[in-house]
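Undergrad: This is entry18.pdb (PDB, C-alpha atoms).
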```pdb
MODEL        1
ATOM      1  CA  MET A   1      20.320 -83.627 -18.850
ATOM      2  CA  ALA A   2      19.493 -86.716 -16.763
ATOM      3  CA  ILE A   3      16.234 -87.232 -18.687
ATOM      4  CA  SER A   4      18.058 -86.952 -22.014
ATOM      5  CA  LEU A   5      20.673 -89.485 -20.876
ATOM      6  CA  ARG A   6      17.966 -91.923 -19.769
ATOM      7  CA  MET A   7      16.219 -91.542 -23.108
ATOM      8  CA  VAL A   8      19.415 -92.176 -25.084
ATOM      9  CA  VAL A   9      20.212 -95.290 -23.037
ATOM     10  CA  ALA A  10      16.620 -96.507 -23.406
ATOM     11  CA  VAL A  11      16.704 -96.089 -27.192
ATOM     12  CA  LEU A  12      20.048 -97.889 -27.443
ATOM     13  CA  GLY A  13      18.684-100.590 -25.144
ATOM     14  CA  ASN A  14      15.690-101.055 -27.435
ATOM     15  CA  VAL A  15      17.978-101.428 -30.458
ATOM     16  CA  ALA A  16      20.252-103.904 -28.652
ATOM     17  CA  SER A  17      17.286-105.910 -27.416
ATOM     18  CA  MET A  18      15.813-106.101 -30.911
ATOM     19  CA  SER A  19      19.132-107.572 -32.035
ATOM     20  CA  LEU A  20      18.887-110.007 -29.132
ATOM     21  CA  TYR A  21      15.380-111.042 -30.167
ATOM     22  CA  ALA A  22      16.507-111.523 -33.769
ATOM     23  CA  ALA A  23      19.685-113.443 -32.886
ATOM     24  CA  PRO A  24      17.980-116.874 -32.486
ATOM     25  CA  SER A  25      16.744-116.578 -36.078
ATOM     26  CA  VAL A  26      20.110-118.056 -37.092
ATOM     27  CA  THR A  27      19.393-121.075 -34.920
ATOM     28  CA  PHE A  28      15.856-121.494 -36.234
ATOM     29  CA  LYS A  29      16.958-121.185 -39.855
ATOM     30  CA  ARG A  30      19.117-124.201 -39.102
ATOM     31  CA  VAL A  31      16.166-125.962 -37.446
ATOM     32  CA  ILE A  32      13.966-125.294 -40.499
ATOM     33  CA  ARG A  33      16.693-126.345 -42.919
ATOM     34  CA  LYS A  34      17.408-129.616 -41.093
ATOM     35  CA  LYS A  35      13.766-130.130 -40.071
ATOM     36  CA  SER A  36      15.031-131.031 -36.608
ATOM     37  CA  THR A  37      15.516-129.221 -33.292
ATOM     38  CA  GLU A  38      18.675-131.292 -32.669
ATOM     39  CA  GLU A  39      20.026-130.564 -29.152
ATOM     40  CA  PHE A  40      18.369-127.165 -28.830
ATOM     41  CA  SER A  41      15.833-126.750 -26.036
ATOM     42  CA  SER A  42      12.524-124.908 -26.163
ATOM     43  CA  ILE A  43      12.644-123.915 -22.473
ATOM     44  CA  PRO A  44      14.750-120.724 -22.894
ATOM     45  CA  TYR A  45      12.327-119.381 -25.517
ATOM     46  CA  ILE A  46       9.258-120.231 -23.433
ATOM     47  CA  ILE A  47      10.766-118.509 -20.383
ATOM     48  CA  ALA A  48      11.780-115.543 -22.565
ATOM     49  CA  LEU A  49       8.167-115.317 -23.753
ATOM     50  CA  LEU A  50       6.967-115.121 -20.137
ATOM     51  CA  ASN A  51       9.644-112.553 -19.350
ATOM     52  CA  SER A  52       8.530-110.339 -22.258
ATOM     53  CA  LEU A  53       4.891-110.615 -21.209
ATOM     54  CA  LEU A  54       5.656-109.730 -17.579
ATOM     55  CA  TYR A  55       7.811-106.689 -18.330
ATOM     56  CA  THR A  56       5.376-105.399 -20.948
ATOM     57  CA  TRP A  57       2.672-105.616 -18.274
ATOM     58  CA  TYR A  58       5.033-104.036 -15.721
ATOM     59  CA  GLY A  59       5.587-101.005 -17.959
ATOM     60  CA  LEU A  60       1.910-100.316 -18.661
ATOM     61  CA  PRO A  61       0.111 -97.546 -16.696
ATOM     62  CA  ILE A  62      -2.031-100.044 -14.836
ATOM     63  CA  ILE A  63       1.103-101.243 -12.977
ATOM     64  CA  SER A  64       3.600 -98.392 -13.300
ATOM     65  CA  ASN A  65       2.844 -94.756 -12.631
ATOM     66  CA  LYS A  66       1.512 -93.436 -15.951
ATOM     67  CA  TRP A  67       4.132 -94.020 -18.695
ATOM     68  CA  GLU A  68       7.266 -93.817 -16.550
ATOM     69  CA  ASN A  69       8.417 -97.202 -17.896
ATOM     70  CA  PHE A  70       7.317 -96.763 -21.501
ATOM     71  CA  PRO A  71      10.693 -98.045 -22.910
ATOM     72  CA  LEU A  72       9.975-101.385 -21.237
ATOM     73  CA  VAL A  73       6.643-101.599 -23.049
ATOM     74  CA  THR A  74       8.164-100.982 -26.466
ATOM     75  CA  VAL A  75      11.074-103.383 -26.144
ATOM     76  CA  ASN A  76       9.249-106.244 -24.428
ATOM     77  CA  GLY A  77       6.125-105.761 -26.512
ATOM     78  CA  ALA A  78       8.287-106.239 -29.607
ATOM     79  CA  GLY A  79       9.828-109.330 -28.033
ATOM     80  CA  ILE A  80       6.506-111.145 -27.593
ATOM     81  CA  PRO A  81       5.917-111.984 -31.302
ATOM     82  CA  PHE A  82       9.592-112.955 -31.702
ATOM     83  CA  GLU A  83       9.587-115.403 -28.798
ATOM     84  CA  LEU A  84       6.157-116.760 -29.686
ATOM     85  CA  SER A  85       7.265-117.447 -33.258
ATOM     86  CA  TYR A  86      10.359-119.300 -31.998
ATOM     87  CA  VAL A  87       8.231-121.489 -29.741
ATOM     88  CA  LEU A  88       5.844-122.264 -32.612
ATOM     89  CA  ILE A  89       8.730-123.158 -34.950
ATOM     90  CA  TYR A  90      10.212-125.396 -32.277
ATOM     91  CA  PHE A  91       6.831-127.020 -31.756
ATOM     92  CA  TRP A  92       6.489-127.734 -35.466
ATOM     93  CA  PHE A  93       9.977-129.149 -36.005
ATOM     94  CA  SER A  94      10.529-130.818 -32.635
ATOM     95  CA  SER A  95      12.173-134.124 -33.397
ATOM     96  CA  PRO A  96      12.531-137.130 -31.089
ATOM     97  CA  LYS A  97      15.755-138.078 -32.887
ATOM     98  CA  GLY A  98      17.280-134.626 -32.705
ATOM     99  CA  LYS A  99      19.337-135.645 -29.660
ATOM    100  CA  ALA A 100      20.573-138.934 -30.970
ATOM    101  CA  SER A 101      22.226-139.838 -34.241
ATOM    102  CA  LEU A 102      21.342-143.185 -35.737
ATOM    103  CA  VAL A 103      21.328-144.878 -39.110
ATOM    104  CA  MET A 104      18.208-147.014 -39.044
ATOM    105  CA  CYS A 105      17.685-149.791 -41.557
ATOM    106  CA  SER A 106      14.287-151.435 -41.835
ATOM    107  CA  VAL A 107      12.476-153.867 -44.054
ATOM    108  CA  SER A 108       9.600-151.432 -44.197
ATOM    109  CA  HIS A 109       9.488-147.636 -43.847
ATOM    110  CA  ALA A 110       6.078-147.869 -42.230
ATOM    111  CA  SER A 111       7.150-149.193 -38.821
ATOM    112  CA  HIS A 112       9.984-146.650 -38.562
ATOM    113  CA  HIS A 113       7.749-143.732 -39.473
ATOM    114  CA  TYR A 114       5.180-144.868 -36.919
ATOM    115  CA  MET A 115       7.726-144.898 -34.059
ATOM    116  CA  VAL A 116       9.153-141.498 -35.052
ATOM    117  CA  SER A 117       5.693-139.992 -35.402
ATOM    118  CA  GLU A 118       4.595-141.282 -31.989
ATOM    119  CA  ALA A 119       7.683-139.920 -30.206
ATOM    120  CA  HIS A 120       7.363-136.680 -32.179
ATOM    121  CA  GLU A 121       3.826-136.203 -30.900
ATOM    122  CA  ILE A 122       4.919-136.815 -27.281
ATOM    123  CA  LEU A 123       7.581-134.107 -27.514
ATOM    124  CA  GLN A 124       5.137-131.699 -29.141
ATOM    125  CA  VAL A 125       2.632-132.308 -26.348
ATOM    126  CA  LYS A 126       5.297-131.482 -23.753
ATOM    127  CA  VAL A 127       6.153-128.214 -25.520
ATOM    128  CA  ALA A 128       2.460-127.325 -25.839
ATOM    129  CA  ILE A 129       1.691-128.077 -22.171
ATOM    130  CA  THR A 130       4.679-126.030 -20.983
ATOM    131  CA  THR A 131       3.718-123.062 -23.164
ATOM    132  CA  VAL A 132       0.054-123.126 -22.152
ATOM    133  CA  THR A 133       1.065-123.363 -18.474
ATOM    134  CA  ILE A 134       3.334-120.329 -18.818
ATOM    135  CA  LEU A 135       0.580-118.322 -20.506
ATOM    136  CA  ALA A 136      -1.907-119.335 -17.801
ATOM    137  CA  VAL A 137       0.533-118.222 -15.095
ATOM    138  CA  PHE A 138       0.904-114.828 -16.755
ATOM    139  CA  CYS A 139      -2.860-114.389 -17.065
ATOM    140  CA  PHE A 140      -3.277-115.205 -13.365
ATOM    141  CA  ILE A 141      -0.555-112.687 -12.372
ATOM    142  CA  ALA A 142      -2.115-110.013 -14.589
ATOM    143  CA  PHE A 143      -5.586-110.601 -13.134
ATOM    144  CA  VAL A 144      -4.400-110.518  -9.513
ATOM    145  CA  SER A 145      -2.225-107.434  -9.991
ATOM    146  CA  ALA A 146      -4.991-105.544 -11.798
ATOM    147  CA  PHE A 147      -7.986-106.368  -9.608
ATOM    148  CA  ALA A 148      -6.781-107.688  -6.245
ATOM    149  CA  ILE A 149      -3.949-105.304  -5.368
ATOM    150  CA  PRO A 150      -4.547-101.566  -4.855
ATOM    151  CA  GLY A 151      -2.021 -98.889  -5.785
ATOM    152  CA  HIS A 152       0.868 -98.755  -8.226
ATOM    153  CA  ARG A 153       3.483 -99.326  -5.540
ATOM    154  CA  TYR A 154       2.269-102.773  -4.516
ATOM    155  CA  ARG A 155       1.406-103.772  -8.065
ATOM    156  CA  LYS A 156       4.944-102.918  -9.164
ATOM    157  CA  LEU A 157       6.294-104.860  -6.213
ATOM    158  CA  LEU A 158       4.348-108.000  -7.168
ATOM    159  CA  VAL A 159       4.884-107.972 -10.923
ATOM    160  CA  GLY A 160       8.459-106.676 -10.631
ATOM    161  CA  SER A 161       9.447-109.362  -8.123
ATOM    162  CA  ILE A 162       8.072-112.133 -10.318
ATOM    163  CA  GLY A 163       9.677-110.575 -13.396
ATOM    164  CA  LEU A 164      12.999-110.368 -11.572
ATOM    165  CA  ALA A 165      12.808-114.055 -10.620
ATOM    166  CA  VAL A 166      11.878-115.091 -14.166
ATOM    167  CA  SER A 167      14.695-112.993 -15.631
ATOM    168  CA  ILE A 168      17.240-114.592 -13.327
ATOM    169  CA  ALA A 169      15.838-118.029 -14.255
ATOM    170  CA  LEU A 170      16.260-117.045 -17.896
ATOM    171  CA  TYR A 171      19.981-116.651 -17.267
ATOM    172  CA  ALA A 172      20.130-120.308 -16.261
ATOM    173  CA  SER A 173      19.991-121.085 -19.975
ATOM    174  CA  PRO A 174      23.389-119.489 -20.715
ATOM    175  CA  LEU A 175      24.778-121.379 -17.721
ATOM    176  CA  VAL A 176      23.624-124.678 -19.247
ATOM    177  CA  ALA A 177      25.051-123.640 -22.621
ATOM    178  CA  MET A 178      28.380-122.664 -21.054
ATOM    179  CA  LYS A 179      28.565-125.981 -19.208
ATOM    180  CA  LYS A 180      28.034-127.794 -22.500
ATOM    181  CA  VAL A 181      30.732-125.680 -24.172
ATOM    182  CA  ILE A 182      33.233-126.564 -21.442
ATOM    183  CA  GLN A 183      32.334-130.261 -21.565
ATOM    184  CA  THR A 184      32.432-130.593 -25.362
ATOM    185  CA  LYS A 185      35.033-127.858 -25.975
ATOM    186  CA  SER A 186      32.782-126.680 -28.797
ATOM    187  CA  VAL A 187      30.621-123.556 -29.193
ATOM    188  CA  GLU A 188      28.306-125.137 -31.769
ATOM    189  CA  PHE A 189      25.249-124.707 -29.548
ATOM    190  CA  MET A 190      26.171-121.273 -28.158
ATOM    191  CA  PRO A 191      25.794-118.905 -31.148
ATOM    192  CA  LEU A 192      28.050-115.835 -31.063
ATOM    193  CA  PRO A 193      25.352-113.335 -32.254
ATOM    194  CA  LEU A 194      23.151-114.345 -29.325
ATOM    195  CA  SER A 195      25.996-113.956 -26.803
ATOM    196  CA  LEU A 196      27.045-110.543 -28.134
ATOM    197  CA  SER A 197      23.484-109.228 -28.235
ATOM    198  CA  SER A 198      22.841-110.509 -24.717
ATOM    199  CA  LEU A 199      25.932-108.778 -23.335
ATOM    200  CA  LEU A 200      25.160-105.443 -25.005
ATOM    201  CA  ALA A 201      21.496-105.470 -23.977
ATOM    202  CA  SER A 202      22.374-106.366 -20.378
ATOM    203  CA  LEU A 203      24.886-103.517 -20.132
ATOM    204  CA  LEU A 204      22.431-100.941 -21.478
ATOM    205  CA  TRP A 205      19.421-102.014 -19.423
ATOM    206  CA  MET A 206      21.523-102.275 -16.277
ATOM    207  CA  THR A 207      22.595 -98.676 -16.890
ATOM    208  CA  TYR A 208      18.996 -97.611 -17.544
ATOM    209  CA  GLY A 209      17.749 -99.350 -14.399
ATOM    210  CA  LEU A 210      20.392 -97.632 -12.287
ATOM    211  CA  LEU A 211      19.574 -94.243 -13.819
ATOM    212  CA  ILE A 212      15.868 -94.526 -12.958
ATOM    213  CA  GLY A 213      16.543 -96.251  -9.623
ATOM    214  CA  ASP A 214      14.464 -99.356 -10.426
ATOM    215  CA  ILE A 215      15.867-102.577  -8.985
ATOM    216  CA  PHE A 216      13.424-104.664 -11.033
ATOM    217  CA  VAL A 217      14.989-103.324 -14.240
ATOM    218  CA  ALA A 218      18.634-103.182 -13.157
ATOM    219  CA  GLY A 219      18.641-106.394 -11.082
ATOM    220  CA  PRO A 220      18.398-109.039 -13.816
ATOM    221  CA  ASN A 221      21.033-107.276 -15.893
ATOM    222  CA  VAL A 222      23.471-107.101 -12.982
ATOM    223  CA  VAL A 223      23.415-110.904 -13.258
ATOM    224  CA  GLY A 224      23.320-110.970 -17.064
ATOM    225  CA  THR A 225      26.313-108.706 -17.709
ATOM    226  CA  PRO A 226      29.050-110.895 -16.152
ATOM    227  CA  LEU A 227      27.452-114.008 -17.681
ATOM    228  CA  GLY A 228      27.553-112.323 -21.094
ATOM    229  CA  ILE A 229      31.238-111.501 -20.632
ATOM    230  CA  LEU A 230      31.946-115.106 -19.635
ATOM    231  CA  GLN A 231      30.171-116.397 -22.749
ATOM    232  CA  ILE A 232      32.383-114.235 -24.974
ATOM    233  CA  VAL A 233      35.495-115.483 -23.165
ATOM    234  CA  LEU A 234      34.433-119.108 -23.679
ATOM    235  CA  TYR A 235      33.631-118.461 -27.328
ATOM    236  CA  CYS A 236      37.077-116.942 -27.918
ATOM    237  CA  LYS A 237      38.647-119.986 -26.279
ATOM    238  CA  TYR A 238      36.698-122.737 -28.073
ATOM    239  CA  TRP A 239      35.527-121.258 -31.411
ATOM    240  CA  LYS A 240      38.322-122.960 -33.396
ATOM    241  CA  LYS A 241      36.849-126.302 -32.406
ATOM    242  CA  ILE A 242      34.072-125.831 -34.985
ATOM    243  CA  VAL A 243      36.573-125.329 -37.793
ATOM    244  CA  THR A 244      38.732-128.326 -36.863
ATOM    245  CA  GLU A 245      35.753-130.650 -36.472
ATOM    246  CA  GLU A 246      34.212-129.972 -39.890
ATOM    247  CA  PRO A 247      36.631-132.259 -41.853
ATOM    248  CA  ASN A 248      36.055-135.017 -39.286
ATOM    249  CA  LYS A 249      32.274-134.697 -39.728
ATOM    250  CA  VAL A 250      32.626-135.022 -43.494
ATOM    251  CA  GLU A 251      34.721-138.169 -43.138
ATOM    252  CA  LEU A 252      32.265-139.625 -40.615
ATOM    253  CA  GLN A 253      29.311-138.968 -42.914
ATOM    254  CA  LYS A 254      31.198-140.567 -45.799
ATOM    255  CA  GLY A 255      31.934-143.618 -43.666
ATOM    256  CA  ASN A 256      28.301-143.910 -42.606
ATOM    257  CA  THR A 257      27.183-143.752 -46.235
ATOM    258  CA  GLU A 258      29.541-146.582 -47.156
ATOM    259  CA  LYS A 259      28.156-148.665 -44.270
ATOM    260  CA  VAL A 260      24.610-148.093 -45.451
ATOM    261  CA  ASP A 261      25.484-149.021 -49.035
ATOM    262  CA  LEU A 262      27.160-152.224 -47.832
ATOM    263  CA  GLU A 263      24.136-153.140 -45.719
ATOM    264  CA  ILE A 264      21.808-152.596 -48.658
ATOM    265  CA  GLY A 265      23.947-154.773 -50.869
ATOM    266  CA  GLN A 266      24.076-157.627 -48.371
ATOM    267  CA  GLY A 267      20.589-157.633 -46.946
ATOM    268  CA  LYS A 268      18.568-155.986 -49.731
ATOM    269  CA  LYS A 269      16.982-153.742 -47.097
ATOM    270  CA  GLU A 270      15.940-150.122 -47.280
ATOM    271  CA  CYS A 271      17.783-147.669 -45.004
ATOM    272  CA  VAL A 272      16.650-144.423 -43.530
ATOM    273  CA  THR A 273      19.281-142.014 -42.203
ATOM    274  CA  VAL A 274      18.465-139.890 -39.184
ATOM    275  CA  PRO A 275      20.968-137.148 -38.194
ATOM    276  CA  SER A 276      23.001-137.853 -35.075
ATOM    277  CA  ASN A 277      25.835-136.577 -32.966
ATOM    278  CA  CYS A 278      27.140-139.985 -32.013
ATOM    279  CA  ASN A 279      28.843-142.594 -34.184
ATOM    280  CA  SER A 280      26.145-144.042 -36.402
ATOM    281  CA  ARG A 281      25.791-147.686 -37.232
ATOM    282  CA  PRO A 282      23.134-149.707 -39.076
ATOM    283  CA  MET A 283      20.287-151.163 -37.043
ATOM    284  CA  THR A 284      17.892-153.696 -38.490
ATOM    285  CA  THR A 285      14.276-154.074 -37.509
TER     286      THR A 285
ENDMDL
END
```
Could the structure of this file be written out as C-alpha cells, please?
TA:
Amino acid sequence: MAISLRMVVAVLGNVASMSLYAAPSVTFKRVIRKKSTEEFSSIPYIIALLNSLLYTWYGLPIISNKWENFPLVTVNGAGIPFELSYVLIYFWFSSPKGKASLVMCSVSHASHHYMVSEAHEILQVKVAITTVTILAVFCFIAFVSAFAIPGHRYRKLLVGSIGLAVSIALYASPLVAMKKVIQTKSVEFMPLPLSLSSLLASLLWMTYGLLIGDIFVAGPNVVGTPLGILQIVLYCKYWKKIVTEEPNKVELQKGNTEKVDLEIGQGKKECVTVPSNCNSRPMTT
C-alpha cells in the first residue's frame, strides 16, 4: 500500500513538474515576439538548470542505492533540456535596453546600432560566463562524488546537501518577484501559470520526500510550498492592475508616437524606438 501511494505521488509529481518546466514558455514566447528579455532575469533559469542536473545525478544508481530514486531521474532529466533551451533563448535575445524604455533619435542609424550591439554583446558574455561556470561546478561535483567518495551514503550526503542548498537558492527568485509585485502593485513579471505549477509541484514532492524519508527531497519543497501559496495570494490581490494599466499604456504609446513625429518634422532626423517601462522622450545624438 505504501509503495503504491509513493508511486502515485511520484507520477503526479512528474506531471506537475513537467507543467512547471513548460510554464516559462509563455514568458519566452513574449521574449521571442518582442525580441527583448525586458526585465526578466536569466539567473533563475541557470540555477534551475543546475538544480535539474544535480537531482538527476542524485537519483542515479552511482549516488543512490540502485534505482530507489528513479522518479527524480525522470523528472529532473526531463527538466534539463527545458531549462537549457530557456537559457539559450535568453542568451540570443538578451537586450541591453530591455530594462529601460527610451525613444532614441539619431542623425544616423549606424552609431545607435553600434552602441546597442556592443552592450548586447556584454550582456551575452555575462550570461555565457555564468552558464559555463554553473556547468563546470556540476562537473566537479559529479567527478568528486563518483571517484573521491566511497559508498552511497556519503555520496548522497554530498550531492543531496548541495542540491538542497541550490534548491533553496532557487526559491530566492520568487522572493525577488514577489518584492517587485509589492513595489509595483503589478503581477506582470510573475506569471500565474508558473506560480500555480510551482505550488502544485512543491506540495507533491514534499509529500513524496516525507513518504520515503528523504530530507534532500522533502526539504526544498517545505520551503517552496508556503512561498507558492504566498505568490497566489499576491496574484489574487494585484492581478487587476494589469487590466487597468493597459489603456494607460496605449495612451502613452500614442503620445510617444506623436512626439517622434513632431521631432521628425522639426529636425528632419530619423528616430528609432526602443521599448521601455519609463516615460519615453526623444533624445538626439
Undergrad: In Å, how far is it from atom CA of A:Leu50 to atom CA of A:Arg153?
TA: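 The value is 21.8 Å.
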Undergrad: Can you tell me, as a VMD selection string, what residues are no more than 8 Å from A:Leu49 when counting all atoms listed in the file, ignoring any on the same chain fewer than 5 positions away?
TA: chain A and resid 79 to 80 83 to 84
Undergrad: Can you list, as a list in words, the residues that the PyMOL selection byres ((chain A and resi 193) around 10) selects here?
TA: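 This file gives the following for the PyMOL selection byres ((chain A and resi 193) around 10): Ser19, Leu20, Ala22, Ala23, Pro24, Ser25, Val26, Met190, Pro191, Leu192, Leu194, Ser195, Leu196, Ser197 and Ser198 of chain A.
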Undergrad: Enumerate, as a PyMOL selection string, the residues matched when the PyMOL selection byres ((chain A and resi 146) around 12) is run on the file above.
TA: chain A and resi 57-58+60-64+139-145+147-152+154-156+158-159
Undergrad: Which distance in Å separates atom CA of A:Leu164 and atom CA of A:Gly219, to one decimal?
TA: 6.9 Å
Undergrad: If the PyMOL selection byres ((chain A and resi 180-182) around 12) is run on the structure shown, which residues does it catch, given as an MDAnalysis selection string?
TA: chainID A and resid 39:40 173:179 183:191 230:239 241:242
Undergrad: Could you name the residues that touch A:Pro71 at 12 Å or less, counting only C-alpha atoms, but leaving out those on the same chain fewer than 2 positions away, as a short mmCIF file (atom, residue, chain, number, x, y, z; two decimals) with C-alpha atoms, keeping the file's coordinate frame?
TA:
```cif
data_model
loop_
_atom_site.label_atom_id
_atom_site.label_comp_id
_atom_site.auth_asym_id
_atom_site.auth_seq_id
_atom_site.Cartn_x
_atom_site.Cartn_y
_atom_site.Cartn_z
CA ARG A 6 17.97 -91.92 -19.77
CA MET A 7 16.22 -91.54 -23.11
CA VAL A 8 19.42 -92.18 -25.08
CA VAL A 9 20.21 -95.29 -23.04
CA ALA A 10 16.62 -96.51 -23.41
CA VAL A 11 16.70 -96.09 -27.19
CA LEU A 12 20.05 -97.89 -27.44
CA GLY A 13 18.68 -100.59 -25.14
CA ASN A 14 15.69 -101.06 -27.44
CA VAL A 15 17.98 -101.43 -30.46
CA SER A 17 17.29 -105.91 -27.42
CA TYR A 55 7.81 -106.69 -18.33
CA THR A 56 5.38 -105.40 -20.95
CA TRP A 57 2.67 -105.62 -18.27
CA TYR A 58 5.03 -104.04 -15.72
CA GLY A 59 5.59 -101.00 -17.96
CA LEU A 60 1.91 -100.32 -18.66
CA SER A 64 3.60 -98.39 -13.30
CA TRP A 67 4.13 -94.02 -18.70
CA GLU A 68 7.27 -93.82 -16.55
CA ASN A 69 8.42 -97.20 -17.90
CA VAL A 73 6.64 -101.60 -23.05
CA THR A 74 8.16 -100.98 -26.47
CA VAL A 75 11.07 -103.38 -26.14
CA ASN A 76 9.25 -106.24 -24.43
CA GLY A 77 6.12 -105.76 -26.51
CA ALA A 78 8.29 -106.24 -29.61
CA TRP A 205 19.42 -102.01 -19.42
CA TYR A 208 19.00 -97.61 -17.54
CA GLY A 209 17.75 -99.35 -14.40
CA ILE A 212 15.87 -94.53 -12.96
CA VAL A 217 14.99 -103.32 -14.24
#
```
Undergrad: Go ahead and compute the interatomic distance for atom CA of A:Ile43 and atom CA of A:Phe91, in Å to one decimal.
TA: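 Interatomic distance here is 11.4 Å.
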Undergrad: Can you work out which one of A:Ala16, A:Ile134, A:Leu227, A:Leu211 has the shortest atom-to-atom distance to A:Ser52, counting only C-alpha atoms?
TA: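 Ranked by minimum distance to A:Ser52, first place goes to A:Ile134.
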